[in-house]
>>> print(open('start.txt').read())   # compact mmCIF, C-alpha atoms
# COMPACT_ATOMS: atom_id res chain seq x y z
CA MET A 131 103.10 145.18 67.95
CA LEU A 132 101.17 146.05 71.02
CA SER A 133 100.97 144.43 74.29
CA LEU A 134 98.88 144.85 77.33
CA SER A 135 99.32 142.98 80.44
CA ALA A 136 97.31 142.24 83.48
CA ARG A 137 99.40 140.93 86.27
CA LYS A 138 99.31 140.55 89.95
CA PRO A 139 101.71 142.78 91.74
CA ARG A 140 104.89 141.01 92.58
CA TRP A 141 104.93 142.17 96.14
CA LEU A 142 101.67 140.48 96.96
CA PRO A 143 103.18 137.13 98.03
CA ALA A 144 105.84 138.84 100.07
CA VAL A 145 103.32 140.98 101.84
CA SER A 146 100.99 138.13 102.64
CA LEU A 147 103.92 136.14 104.00
CA LEU A 148 104.91 139.04 106.19
CA LEU A 149 101.38 139.29 107.51
CA LEU A 150 101.46 135.61 108.26
CA LEU A 151 104.76 135.88 110.10
CA ALA A 152 103.74 139.02 111.92
CA ALA A 153 100.87 137.09 113.43
CA CYS A 154 103.29 134.97 115.41
CA ALA A 155 106.53 136.93 115.31
CA VAL A 156 107.08 136.93 119.04
CA GLU A 157 109.03 134.10 120.62
CA THR A 158 107.15 131.87 122.98
CA PRO A 159 107.91 133.18 126.47
CA TYR A 160 108.79 130.96 129.40
CA GLN A 161 105.32 130.15 130.62
CA PRO A 162 103.09 127.15 131.21
CA SER A 163 101.15 126.18 128.13
CA GLU A 164 97.99 125.58 130.16
CA GLY A 165 96.27 123.76 127.41
CA ALA A 166 97.44 126.18 124.77
CA ARG A 167 99.82 125.12 122.09
CA TYR A 168 103.03 126.78 123.20
CA GLY A 169 104.89 126.81 126.49
CA TYR A 170 105.90 124.18 128.98
CA SER A 171 103.91 121.40 130.53
CA ASP A 172 104.82 118.57 132.81
CA GLN A 173 103.37 115.29 133.85
CA GLN A 174 104.30 113.34 136.93
CA ILE A 175 104.77 109.69 136.09
CA GLU A 176 106.24 108.33 139.30
CA GLU A 177 107.14 109.79 142.65
CA ASN A 178 110.37 111.27 141.29
CA ARG A 179 109.85 110.87 137.56
CA TYR A 180 108.35 113.53 135.34
CA ARG A 181 107.86 114.15 131.69
CA VAL A 182 108.60 117.75 130.78
CA THR A 183 107.73 119.34 127.46
CA PHE A 184 108.41 122.70 125.96
CA SER A 185 106.87 123.70 122.66
CA GLY A 186 107.95 126.81 120.84
CA ASN A 187 106.15 128.71 118.13
CA PRO A 188 107.77 129.20 114.70
CA SER A 189 109.69 132.24 115.94
CA THR A 190 111.33 130.35 118.76
CA PRO A 191 114.75 128.98 117.90
CA ARG A 192 115.65 125.45 118.74
CA GLU A 193 118.22 126.45 121.38
CA THR A 194 115.63 128.50 123.21
CA VAL A 195 113.30 125.54 123.28
CA GLN A 196 116.12 123.38 124.65
CA ASN A 197 117.14 125.96 127.22
CA TYR A 198 113.60 126.44 128.48
CA LEU A 199 113.09 122.71 128.77
CA LEU A 200 116.26 122.34 130.79
CA TYR A 201 115.29 125.29 132.95
CA ARG A 202 111.85 123.86 133.56
CA ALA A 203 113.35 120.49 134.50
CA ALA A 204 115.63 122.21 137.01
CA GLU A 205 112.83 124.38 138.38
CA LEU A 206 110.56 121.40 138.82
CA THR A 207 113.33 119.50 140.57
CA VAL A 208 113.87 122.28 143.09
CA GLN A 209 110.13 122.79 143.56
CA SER A 210 109.74 119.10 144.31
CA GLY A 211 112.46 119.29 146.94
CA PHE A 212 115.17 117.46 145.03
CA ASP A 213 118.69 118.53 144.16
CA TYR A 214 119.56 117.00 140.84
CA PHE A 215 117.84 115.39 137.88
CA THR A 216 118.83 112.82 135.33
CA MET A 217 117.71 113.10 131.73
CA VAL A 218 116.46 109.63 130.99
CA ASP A 219 115.15 110.29 127.57
CA GLN A 220 115.24 113.40 125.49
CA ASP A 221 113.81 114.14 122.13
CA VAL A 222 113.52 117.22 119.98
CA GLU A 223 110.62 117.21 117.64
CA ARG A 224 110.70 119.33 114.58
CA SER A 225 107.70 120.07 112.47
CA THR A 226 107.97 122.03 109.31
CA ARG A 227 105.13 123.37 107.31
CA TYR A 228 105.48 125.04 103.99
CA TYR A 229 103.60 128.09 103.03
CA SER A 230 103.36 128.11 99.33
CA GLN A 231 102.84 131.08 97.14
CA GLY A 232 102.31 130.86 93.47
CA TYR A 233 101.79 133.68 91.12
CA VAL A 234 101.75 134.32 87.46
CA ASP A 235 104.85 136.22 86.76
CA ASP A 236 104.05 137.50 83.34
CA PHE A 237 100.66 136.91 81.95
CA GLY A 238 100.06 139.13 79.07
CA TYR A 239 97.94 139.18 76.00
CA TYR A 240 97.61 141.08 72.81
CA ASP A 241 94.46 142.47 71.44
CA PHE A 242 94.39 142.59 67.73
CA PRO A 243 91.78 144.46 65.90
CA TYR A 244 89.67 142.03 64.02
CA ARG A 245 86.49 142.82 62.16
CA ARG A 246 85.65 145.89 64.16
CA ASN A 247 86.28 143.88 67.28
CA TYR A 248 89.35 142.64 69.04
CA ARG A 249 90.87 139.26 69.12
CA ARG A 250 93.00 138.33 72.04
CA PHE A 251 96.19 136.33 71.92
CA TYR A 252 97.96 135.21 75.02
CA ARG A 253 101.65 135.25 75.11
CA PRO A 254 104.10 133.04 76.99
CA SER A 255 103.92 133.32 80.71
CA PHE A 256 105.83 132.06 83.69
CA TYR A 257 104.31 130.61 86.76
CA SER A 258 106.51 131.12 89.78
CA THR A 259 106.17 129.38 93.06
CA ASN A 260 107.83 129.88 96.37
CA ALA A 261 107.42 127.66 99.37
CA TYR A 262 108.54 129.12 102.66
CA PRO A 263 109.32 126.70 105.46
CA VAL A 264 107.98 127.47 108.90
CA THR A 265 109.48 125.27 111.56
CA GLU A 266 108.44 124.65 115.13
CA TYR A 267 110.41 122.81 117.75
CA ALA A 268 109.19 120.92 120.75
CA SER A 269 111.51 119.34 123.26
CA ILE A 270 110.40 116.45 125.41
CA ALA A 271 112.35 114.86 128.22
CA ASP A 272 111.75 112.28 130.88
CA ILE A 273 113.59 113.19 134.03
CA VAL A 274 114.26 111.34 137.26
CA MET A 275 115.01 113.46 140.30
CA GLY A 276 117.41 112.69 143.09
CA GLU A 277 118.60 114.11 146.38
CA GLY A 278 122.08 115.11 147.37
CA GLU A 279 125.14 115.47 145.20
CA LYS A 280 124.64 114.52 141.54
CA PRO A 281 126.51 111.35 140.58
CA ALA A 282 129.79 112.48 139.09
CA ASP A 283 130.05 109.63 136.63
CA ASP A 284 126.63 110.11 135.03
CA PRO A 285 126.77 112.51 132.09
CA SER A 286 122.97 112.80 132.05
CA ALA A 287 122.80 114.10 135.62
CA TYR A 288 122.33 117.85 136.09
CA ASP A 289 122.73 119.90 139.23
CA ALA A 290 119.38 121.71 139.36
CA LEU A 291 120.58 124.85 141.13
CA ASP A 292 123.54 125.19 138.81
CA VAL A 293 121.33 124.92 135.73
CA LEU A 294 118.90 127.50 137.14
CA GLN A 295 121.74 129.88 137.77
CA ARG A 296 123.36 129.49 134.34
CA LEU A 297 120.19 129.73 132.33
CA GLN A 298 118.50 132.43 134.37
CA PRO A 299 119.75 135.27 132.11
CA LEU A 300 118.23 133.58 129.07
CA ILE A 301 114.76 133.15 130.46
CA ARG A 302 112.27 135.58 129.05
CA LYS A 303 108.95 135.55 130.78
CA ASP A 304 105.89 137.22 129.45
CA GLU A 305 105.47 140.70 130.85
CA GLU A 306 102.08 141.54 132.24
CA LYS A 307 99.93 142.71 129.41
CA MET B 166 100.17 152.20 63.10
CA ARG B 167 96.59 151.25 63.72
CA ASP B 168 97.78 148.74 66.24
CA ARG B 169 99.41 151.40 68.30
CA ARG B 170 96.14 152.99 69.16
CA CYS B 171 94.91 149.79 70.67
CA MET B 172 97.36 150.12 73.47
CA ALA B 173 94.93 152.40 75.16
CA ARG B 174 92.65 149.45 75.73
CA GLY B 175 94.68 148.08 78.60
CA ARG B 176 92.80 146.82 81.60
CA SER B 177 95.45 147.76 84.03
CA GLY B 178 96.58 150.65 81.99
CA THR B 179 100.18 149.56 82.20
CA THR B 180 101.98 149.11 78.99
CA ALA B 181 105.21 147.34 78.56
CA ARG B 182 107.15 146.29 75.59
CA MET B 183 107.36 142.58 75.52
CA PRO B 184 110.89 142.17 74.26
CA THR B 185 112.24 144.10 77.21
CA ARG B 186 110.26 142.15 79.69
CA ALA B 187 111.06 138.82 78.15
CA ARG B 188 114.69 139.77 78.19
CA ARG B 189 114.48 140.78 81.80
CA LEU B 190 112.84 137.50 82.65
CA ALA B 191 115.45 135.55 80.79
CA ALA B 192 118.14 137.50 82.53
CA ALA B 193 116.59 136.72 85.89
CA GLY B 194 116.47 133.06 84.99
CA LEU B 195 120.07 133.01 83.89
CA LEU B 196 121.11 134.88 86.98
CA SER B 197 119.46 132.38 89.29
CA LEU B 198 121.10 129.54 87.40
CA ALA B 199 124.43 131.26 87.74
CA LEU B 200 123.84 131.81 91.43
CA ALA B 201 122.95 128.19 91.88
CA ALA B 202 126.12 127.13 90.12
CA CYS B 203 128.48 129.26 92.12
CA ALA B 204 126.63 129.95 95.34
CA ALA B 205 128.13 131.61 98.38
CA SER B 206 131.45 130.38 99.66
CA PRO B 207 131.36 127.82 102.47
CA THR B 208 131.09 128.97 106.06
CA PRO B 209 134.56 129.59 107.48
CA TYR B 210 135.44 128.56 111.00
CA GLN B 211 134.25 131.61 112.88
CA ALA B 212 131.96 132.82 115.63
CA ILE B 213 128.41 133.16 114.39
CA GLY B 214 128.04 135.69 111.62
CA GLU B 215 126.11 136.18 108.45
CA GLN B 216 127.49 133.05 106.85
CA GLY B 217 126.98 130.92 109.94
CA GLY B 218 129.52 129.83 112.51
CA TYR B 219 129.67 128.59 116.07
CA THR B 220 127.84 129.58 119.22
CA ASP B 221 128.15 128.08 122.64
CA GLN B 222 126.07 128.16 125.76
CA GLN B 223 127.09 127.15 129.24
CA LEU B 224 124.50 124.88 130.83
CA GLU B 225 126.26 123.78 133.99
CA ALA B 226 129.64 124.30 135.61
CA ASN B 227 131.38 122.00 133.13
CA ARG B 228 128.63 121.47 130.60
CA TYR B 229 128.30 123.39 127.37
CA ARG B 230 126.22 123.25 124.27
CA VAL B 231 128.17 123.94 121.10
CA LYS B 232 126.42 124.70 117.89
CA PHE B 233 127.86 125.07 114.45
CA GLU B 234 125.73 126.42 111.67
CA GLY B 235 126.83 126.04 108.09
CA ASN B 236 125.41 127.73 105.02
CA SER B 237 124.09 125.88 102.01
CA SER B 238 127.58 125.59 100.51
CA THR B 239 129.02 123.87 103.55
CA SER B 240 129.08 120.11 103.62
CA ARG B 241 127.75 118.13 106.51
CA GLU B 242 131.21 116.74 107.29
CA THR B 243 132.64 120.22 107.53
CA VAL B 244 129.88 121.32 109.85
CA GLU B 245 130.52 118.31 112.08
CA ASP B 246 134.28 118.83 112.05
CA PHE B 247 133.94 122.47 112.95
CA ALA B 248 131.57 121.73 115.81
CA LEU B 249 133.98 119.18 117.19
CA TYR B 250 136.85 121.58 116.76
CA ARG B 251 134.96 124.26 118.63
CA ALA B 252 134.20 121.80 121.43
CA ALA B 253 137.90 121.01 121.75
CA GLU B 254 138.89 124.66 121.57
CA LEU B 255 136.37 125.62 124.25
CA THR B 256 137.57 122.79 126.47
CA LEU B 257 141.10 124.12 126.35
CA GLN B 258 139.96 127.71 126.78
CA LYS B 259 138.17 126.73 129.97
CA GLY B 260 141.28 125.04 131.25
CA HIS B 261 140.19 121.44 130.82
CA ASP B 262 141.81 118.56 129.01
CA TYR B 263 139.17 116.32 127.57
CA PHE B 264 135.46 116.41 126.82
CA LYS B 265 132.67 113.92 126.56
CA VAL B 266 129.99 114.28 123.94
CA VAL B 267 126.78 113.72 125.85
CA SER B 268 124.51 114.25 122.91
CA LYS B 269 124.98 115.08 119.30
CA ASP B 270 122.48 116.10 116.72
CA VAL B 271 122.84 117.11 113.12
CA GLU B 272 119.88 118.92 111.73
CA PRO B 273 119.38 119.48 108.05
CA ILE B 274 117.65 122.77 107.34
CA VAL B 275 115.70 123.14 104.16
CA GLY B 276 115.44 126.64 102.87
CA SER B 277 112.62 128.03 100.87
CA VAL B 278 111.81 126.23 97.71
CA SER B 279 111.36 128.25 94.61
CA GLY B 280 110.56 127.23 91.12
CA ILE B 281 109.47 128.50 87.80
CA THR B 282 107.07 126.84 85.49
CA PRO B 283 107.32 128.19 82.01
CA GLY B 284 104.01 128.33 80.30
CA ILE B 285 103.29 128.65 76.67
CA GLY B 286 99.98 130.20 76.12
CA ILE B 287 97.98 129.98 73.02
CA GLY B 288 94.74 131.72 73.03
CA ILE B 289 91.92 132.51 70.80
CA GLY B 290 88.93 134.56 71.46
CA GLY B 291 87.59 138.01 71.39
CA GLY B 292 86.52 140.59 73.86
CA ASN B 293 87.19 139.35 77.32
CA VAL B 294 86.95 135.66 76.60
CA GLY B 295 89.96 133.56 75.93
CA PHE B 296 91.74 130.47 77.03
CA GLY B 297 95.31 129.43 77.33
CA VAL B 298 97.29 126.25 77.61
CA SER B 299 100.28 126.11 79.78
CA SER B 300 102.84 123.53 80.68
CA VAL B 301 102.72 121.79 84.03
CA PHE B 302 106.40 120.99 83.89
CA GLY B 303 108.55 123.19 85.97
CA SER B 304 111.45 122.87 88.22
CA GLY B 305 112.22 124.06 91.67
CA ARG B 306 115.11 123.84 94.01
CA ALA B 307 115.75 124.25 97.69
CA ASP B 308 118.87 125.00 99.61
CA TYR B 309 120.06 122.60 102.25
CA SER B 310 122.23 123.54 105.13
CA TYR B 311 123.32 121.72 108.25
CA VAL B 312 123.47 122.61 111.89
CA THR B 313 125.31 120.48 114.43
CA TYR B 314 124.61 120.53 118.13
CA LEU B 315 126.99 119.01 120.64
CA ASP B 316 126.31 118.85 124.35
CA ILE B 317 129.66 118.35 126.02
CA LEU B 318 131.03 117.84 129.50
CA MET B 319 134.59 118.96 130.20
CA PHE B 320 137.08 117.21 132.45
CA ASP B 321 140.64 117.47 133.64
CA GLY B 322 143.39 114.94 133.29
CA GLU B 323 143.82 111.91 131.12
CA LYS B 324 140.73 110.84 129.19
CA PRO B 325 139.38 107.45 130.25
CA GLU B 326 140.54 104.80 127.82
CA ASP B 327 137.34 102.80 127.85
CA GLU B 328 134.97 105.65 127.00
CA ARG B 329 134.11 106.07 123.41
CA GLU B 330 132.45 109.42 123.99
CA ALA B 331 135.54 110.99 125.48
CA TYR B 332 137.76 113.12 123.24
CA ASN B 333 141.23 114.38 123.97
CA ALA B 334 140.91 118.10 123.23
CA PHE B 335 144.57 118.58 122.23
CA ASP B 336 144.45 115.66 119.88
CA VAL B 337 141.21 116.77 118.21
CA ILE B 338 142.60 120.24 117.59
CA GLU B 339 145.76 118.87 116.14
CA ARG B 340 143.96 116.50 113.77
CA LEU B 341 141.30 118.90 112.62
CA LYS B 342 143.47 121.95 112.38
CA PRO B 343 144.41 121.42 108.72
CA SER B 344 140.79 121.31 107.61
CA VAL B 345 139.83 124.22 109.84
CA THR B 346 142.63 126.54 108.86
CA GLY B 347 142.50 125.33 105.30
CA ALA B 348 138.92 126.46 105.04
CA ALA B 349 139.33 129.74 106.82
CA ASP B 350 141.86 132.18 107.99
CA ALA B 351 141.91 131.50 111.70
CA LYS B 352 140.69 134.91 112.62
CA GLU B 353 139.73 136.73 115.76
CA GLY B 354 142.73 135.25 117.48
CA GLU B 355 140.45 132.64 118.94
CA THR B 356 142.32 129.61 117.81
CA ALA B 357 143.56 127.72 120.76
CA PRO B 358 147.20 126.78 120.90
CA ALA B 359 147.90 123.37 119.52
CA GLN B 360 150.32 121.09 121.32
>>> encode(input="start.txt", output="structure tokens")
Amino acid sequence: MLSLSARKPRWLPAVSLLLLLAACAVETPYQPSEGARYGYSDQQIEENRYRVTFSGNPSTPRETVQNYLLYRAAELTVQSGFDYFTMVDQDVERSTRYYSQGYVDDFGYYDFPYRRNYRRFYRPSFYSTNAYPVTEYASIADIVMGEGEKPADDPSAYDALDVLQRLQPLIRKDEEK
Amino acid sequence: MRDRRCMARGRSGTTARMPTRARRLAAAGLLSLALAACAASPTPYQAIGEQGGYTDQQLEANRYRVKFEGNSSTSRETVEDFALYRAAELTLQKGHDYFKVVSKDVEPIVGSVSGITPGIGIGIGGGNVGFGVSSVFGSGRADYSYVTYLDILMFDGEKPEDEREAYNAFDVIERLKPSVTGAADAKEGETAPAQ
């Protein structure tokens, strides 16, 4: 019995996935999105009410997105001349896309000699698929800013300066390219 | 014997004996089934490691975010219990008595989905022409795991009776200790003293 096989290399899906991931393998830095897809943006809704958003790329973990949002809220509060902010509404949005790879695992055939020619018979094959999830997080919060000491009995109230100080070590800004 | 010579007609030039490859494929299939049946052991109560675990981040003077990440063999309840246990432990470690859960989120994480569709090919033809029929029935599976996030505020003294979000740290530790220590050897000497 003879057998010849034509098959795609197994590493092909893995390599193409790597290429895909390499394209966006760097975490979204702390920066304004400025119309782009990733980064922070804010919208003033009232005199002391803002909506703050931070969107991370697929390489940005959820905690980072949350931390940057909180940091931005605190920063904005201080910039606007207030001392504390209250999270009125917060939401984390998760979007997952799947990158699917399918490949024929074993697709072989036999060529049998037949009347001075060859006749081809295909043999059983397996079709393998892999779907890789790629998840992005965006955090959105409505904040209301206030002056003076934060109300002690409100669990949603954050001292802006305190937050800035605690999260400062985690903030990674984009270095000048 | 005549057949043997035909091996030289390979397009790719690679030759492989089918029985071996089929066996290898079958072995791979069996292996993945076996793996699925007895997957990794559940995440123990531990600081973040390869199998998951807890992490915490200070956000304000008395505000922390606690995260517990379980692997695909860890149930959602366990992940929630461990997060709560960590919150209580951290509260005591920081010298406070009770904590309030400001926000809680449990996120299911779906791993990559993989599947195999076995195909049975029948082909006729000669030269480079041929066709095959293959089955469209296949099966795939994905691993689920859970991550719990707790944003907590820590306080001193007696917990307020009328607040549902307030937890007595001592009490939580005492109640959850059996399930925590039952699932893991309380390692790293990080377990807070009960009572």
>>> residues_around(input="start.txt", residues="B:Phe233", least_positions_apart="4", cutoff="8 Å", atoms="only C-alpha atoms", output="list in words")
Gly217, Gly218, Tyr219, Thr220, Val244, Glu245, Phe247, Ala248, Val312, Thr313 and Tyr314 of chain B
>>> residues_around(input="start.txt", residues="stretch 300-305 of chain A", least_positions_apart="4", cutoff="8 Å", atoms="only C-alpha atoms", output="list in words")
Pro159, Tyr160, Gln161, Asn197 and Tyr198 of chain A
>>> residues_near_point(input="start.txt", point="(107.4, 125.7, 123.1)", cutoff="7 Å", atoms="only C-alpha atoms", output="ChimeraX atom specification")
/A:158,168-170,184-187,195,267-268
>>> atom_distance(input="start.txt", atom1="atom CA of A:Tyr239", atom2="atom CA of A:Asn260")
24.5 Å
>>> residues_around(input="start.txt", residues="B:Pro209", least_positions_apart="2", cutoff="12 Å", atoms="all atoms listed in the file", output="tab-separated table (two decimals) with C-alpha atoms, in the frame of the given file")
chain	number	residue	atom	x	y	z
B	205	ALA	CA	128.13	131.61	98.38
B	206	SER	CA	131.45	130.38	99.66
B	207	PRO	CA	131.36	127.82	102.47
B	211	GLN	CA	134.25	131.61	112.88
B	212	ALA	CA	131.96	132.82	115.63
B	213	ILE	CA	128.41	133.16	114.39
B	214	GLY	CA	128.04	135.69	111.62
B	215	GLU	CA	126.11	136.18	108.45
B	216	GLN	CA	127.49	133.05	106.85
B	217	GLY	CA	126.98	130.92	109.94
B	218	GLY	CA	129.52	129.83	112.51
B	219	TYR	CA	129.67	128.59	116.07
B	233	PHE	CA	127.86	125.07	114.45
B	234	GLU	CA	125.73	126.42	111.67
B	235	GLY	CA	126.83	126.04	108.09
B	236	ASN	CA	125.41	127.73	105.02
B	238	SER	CA	127.58	125.59	100.51
B	239	THR	CA	129.02	123.87	103.55
B	240	SER	CA	129.08	120.11	103.62
B	243	THR	CA	132.64	120.22	107.53
B	244	VAL	CA	129.88	121.32	109.85
B	246	ASP	CA	134.28	118.83	112.05
B	247	PHE	CA	133.94	122.47	112.95
B	248	ALA	CA	131.57	121.73	115.81
B	344	SER	CA	140.79	121.31	107.61
B	345	VAL	CA	139.83	124.22	109.84
B	346	THR	CA	142.63	126.54	108.86
B	347	GLY	CA	142.50	125.33	105.30
B	348	ALA	CA	138.92	126.46	105.04
B	349	ALA	CA	139.33	129.74	106.82
B	350	ASP	CA	141.86	132.18	107.99
B	351	ALA	CA	141.91	131.50	111.70
B	352	LYS	CA	140.69	134.91	112.62
>>> closest_residue(input="start.txt", among="B:Ser268, B:Gln258, B:Ser310, B:Ser277", to="chain A", atoms="all atoms listed in the file")
B:Ser277
>>> atom_distance(input="start.txt", atom1="atom CA of B:Met319", atom2="atom CA of B:Phe264")
4.3 Å
